[in-house]
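One structure is given here, and the rest of the page talks about it.
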Amino acid sequence: MKNKIIKTSLLVLSLFVTGCGNVSHYEDHLDDYAFTMDYHNKFNVLQLTDIHWNLNTSDTSSKQYLHKVIKEAKGYVLKTQSNDAKIDLIEITGDTFMLSNSDYVKSFVNFMEEEAKEYDFKYTILWGNHDRQGTYNPTWLAKQFINAEHCIYTEPNDDLYGRSNLVINLKDEDNNTKWQIANLDSGASFSDSSASIARNYDYIRDDQVNWLKKEHDLVGSSVPVIAYYHIPSPEMKTIYNEVVNGASYKNKFFKLESFAEQEAPSKFLTEAEKMNVKATFSGHAHNVDWTVEYHNMVLGLGVKTGKELYFAHVDASDETKEVQDGLTSVGINEEFDLIGASLVTLRDNEEFDLYHLYLNERDNEDFVRWVKF
Amino acid sequence: MKELFKKENRILASCDKKTWNQSFTLSILIILLFATCAGYFFDFVYMMCDIIGSIISSSSDIALRDIVRSLPYLSSTIGCIFVLGNLHILFRNYNKDITCKRIFKHSITIIVFGTISALAPLIGLGTKVYSSLIEGSPTDLYPLDQMLTGLVLIVIGVLSVIITTKLKNEINLSLPTRGVENKKCRVIANIGKGIWLLVALFSFSATIYFFKSIDLSNGYVFYSIMLFILFILPWVYMMIYEFHYLELKEEVRKEHDFIIGLVGTIISLVSIILFFISLSLNIDGPSNVGFGLLPVDFTASINVFNIIYPLTIVTVPMVKLIQGIIYKKNK
């Protein structure tokens with residue numbers, strides 16, 4: 001009896017100290033992470049990123065801007081694709097909230113639901129390094145989106161690192177998966193030790209890579225994948241430097257600040273190639289929407305959406321190389337703000353088109369430019 | 001140690017009913033206002049983190065836009081904290097002249113910030129900063145609620161000015177005097193107490209929000225408990241200081257500064273050591289239990305909490321410990 005008490009006490013103490021409860025293993029319920037949507041040729045995914053609603057935000061004016069972006073995107077696909085074209089899915093790729101409260105979260109969910117009804121789309125969300133930085137509980141935050149009618153989101157309670165990991169399998173009429181969209185939680189930040197002063201940007205952990213491989217295997221290893229996560233891969237910095245030093249990778253758009261990339265090595269991009277990942281898109285660095293074609297993958301950052309926290313005012317008269325390279329690549333010769341959205345159109349032949357939308361509200365007429373990658 | 005809890009060692013023990021009632025009412029007002037200020041100040045820190053974030057990211061235009069929009073809220077926060085300061089001055093009540101002089105100075109500040117809170121919404125409405133007086137966010141009635149708060153602050157400020165100047169000799173306050181400040185290092189002491197107050201205000205809100213925002217579904221229980229304890233200590237120390245320590249007769253205080261400081265320092269050090277042990281065992285804890293209570297850390301990517309909190313909760317009792325040692329030495 002005495003031994004039993006000691007053993008039980010030690011077990012309870014170890015759980016208390018290490019914080020590891022008896023949670024399930026993610027591989028035991030892979031289906032819980034998988035959603036399905038009907039696929040059709042020219043399936044449109046609109047990426048909104050770094051909306052950053054915070055206590056200083058006027059959600060009234062921010063909603064007005066977001067509405068314009070969604071309306072513009074719908075109008076654009078109608079004009080350039082077909083009469084029944086629409087935005088099928090909106091990907092919200094992190095830092096939707098920062099230093100926010102539950103009223104803002106509710107307001108945002110209500111707004112997205114109204115827009116989803118009006119424009120007939122589904123939306124999904126993943127967390128950036130700031131979304132959970134609010135006065136609400138992260139599980140409460142998740143529930144707002146899980147319970148939203150038009151939102152695709154789940155958060156199984158298991159041992160997989162992060163919270164917003166899920167896949168959306170786009171299936172044709174014959175129930176074959178034509179594309180897989182993967183959302184990964186690239187975390188917030190971490191310290192190397194309890195004595196560290198600095199916090200480093202988090203990274204996609206090995207178990208997340210393994211999880212995605214399993215999800216991908218379930219639908220077929222040849223299925224093309226588009227992956228979304230918030231903090232750019234560490235390789236982005238290296239690839240950009242290669243381009244600056246003369247590498248001839250196809251690249252476009254702006255790189256006006258650091259990528260603020262994941263600060264620890266992640267296996268994700270190395271494994272992504274093997275998983276037929278066609279593209280990865282992130283957010284995080286508001287003054288960057290630079291995109292590059294690298295080893296048969298397109299790696300890029302989305303265009304920051306909305307006017308919160310910070311964004312770049314691109315000045316055509318600025319002679320710095322980064323600004324001029326960006327302007328030349330997009331063919332714009334006037335001053336504008338680097339805010340808007342990104343659109344990916346998935347096609348049957350495992351190919352896709354990428355467009356960046358720059359939308360600035362102006363007194364007379366809004367500035368609107370679509371630029372194809 | 002028992003002397004600290006004896007009724008006859010408390011200042012109010014020898015006071016009449018009227019004095020006791022006035023002190024009790026004042027204490028209740030201080031507690032209520034402390035809670036209000038704590039709520040305001042937590043949001044203030046959130047707003048300022050975002051504003052400073054914009055400045056650091058070379059977007060001072062966005063920072064300015066946000067300051068203008070949040071001005072009524074920011075201004076009300078400062079005004080309310082100065083009202084709390086006035087109540088504290090009244091509670092300590094050095095002597096009529098000094099008390100009135102200090103309250104007068106604070107009241108001018110309250111009137112200034114109250115005026116900003118009251119006028120900014122109207123100016124903002126005229127300049128289209130707000131679409132209406134009840135635009136909403138961050139509160140349902142924003143900015144109208146802050147406009148009303150501003151008006152209340154103006155009334156409090158003006159009344160305080162009138163009382164401390166014109167009616168100074170006609171008001172019959174029978175509050176006891178709770179200790180005279182040491183003239184040496186008064187500026188440093190006031191700055192230190194100011195920092196302690198701000199940490200205590202933030203940590204009081206953090207303690208309340210802890211129950212709402214901490215998510216234990218992924219474990220990290222040890223870390224979360226220690227985080228909670230570190231949030232509790234600054235405002236608990238402040239409450240003990242204001243309502244127990246200052247209530248003691250001055251000679252009892254001086255006699256027991258050493259033991260009070262020693263006990264406090266030990267409690268603080270043990271808590272800090274346990275906190276860092278919990279952190280080293282749950283190194284991913286901060287980013288997985290919800291980090292809304294660490295706004296600066298996750299905005300600046302620096303573990304500010306791990307520096308400011310241990311420093312505050314150790315410094316506060318250590319000051320008493322040092323004062324106690326000096327007193328014993330000079331005795």
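By order in the structure tokens, chains are A, B, ...; within a chain, residues start at 1; ligands start at 1, following the order shown.
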
Fill in: Spatial neighbours of Ser271 of chain B, 9 Å, only C-alpha atoms, chain gap at least 5 places, as an MDAnalysis selection string
chainID B and resid 226 229:230 266 276 310

Worksheet item: Counting only C-alpha atoms, which residues of chain B come no farther than 6 Å from chain A, as a list of chain:residue names?
Response: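 Those within range of chain A come out as B:Tyr46, B:Met47, B:Ser54, B:Ser59, B:Asp66, B:Ser70, B:Pro138, B:Ser213, B:Ile214, B:Asp215, B:Gly219, B:Tyr220, B:Val221, B:Phe222, B:Leu279, B:Ser280, B:Gly290, B:Phe291, B:Gly292, B:Ser301, B:Ile302, B:Asn303.
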
Grab the residues selected above and save them as an mmCIF file, in the first residue's frame with C-alpha atoms.
```cif
data_model
loop_
_atom_site.group_PDB
_atom_site.id
_atom_site.type_symbol
_atom_site.label_atom_id
_atom_site.label_comp_id
_atom_site.auth_asym_id
_atom_site.auth_seq_id
_atom_site.Cartn_x
_atom_site.Cartn_y
_atom_site.Cartn_z
ATOM 1 C CA TYR B 46 -1.993 46.509 -24.602
ATOM 2 C CA MET B 47 -2.583 49.725 -26.530
ATOM 3 C CA SER B 54 4.282 50.522 -34.917
ATOM 4 C CA SER B 59 5.334 53.288 -39.008
ATOM 5 C CA ASP B 66 -3.736 54.810 -33.103
ATOM 6 C CA SER B 70 -7.242 55.689 -28.348
ATOM 7 C CA PRO B 138 -12.470 48.519 -27.583
ATOM 8 C CA SER B 213 -7.106 33.169 -20.386
ATOM 9 C CA ILE B 214 -4.808 30.417 -19.150
ATOM 10 C CA ASP B 215 -5.341 27.188 -21.006
ATOM 11 C CA GLY B 219 -0.449 20.689 -19.473
ATOM 12 C CA TYR B 220 2.219 23.101 -18.188
ATOM 13 C CA VAL B 221 0.468 23.165 -14.800
ATOM 14 C CA PHE B 222 3.572 23.828 -12.691
ATOM 15 C CA LEU B 279 10.061 27.507 -16.609
ATOM 16 C CA SER B 280 13.088 25.297 -17.243
ATOM 17 C CA GLY B 290 -1.846 31.514 -23.672
ATOM 18 C CA PHE B 291 0.410 34.484 -23.521
ATOM 19 C CA GLY B 292 -2.000 37.388 -23.329
ATOM 20 C CA SER B 301 10.386 39.048 -28.340
ATOM 21 C CA ILE B 302 12.188 39.678 -25.058
ATOM 22 C CA ASN B 303 11.432 37.963 -21.748
#
```

Item to complete: Using only C-alpha atoms, pick whichever of A:Trp179, A:Tyr26, A:Phe253, A:Tyr123 has the shortest atom-to-atom distance to Pro156 of chain A.
Response: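 Closest to Pro156 of chain A of all the choices is A:Tyr26.
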
Fill in: Secondary structure check, alpha helix (DSSP H) residues of segment 28-256 of chain B, as a ChimeraX atom specification
/B:28-56,60-92,96-126,144-165,186-213,221-240,250-256

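Computed from the coordinates, the atom CA of Pro121 of chain B to atom CA of Ile154 of chain B distance equals 15.2 Å.
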
Worksheet item: Which polymer residues have any atom within 12 Å of an atom of Ile111 of chain B, counting only C-alpha atoms, with same-chain residues fewer than 2 positions away left out, as a VMD selection string?
Response: chain B and resid 75 to 76 78 to 80 82 to 83 104 to 109 113 to 119 149 to 161
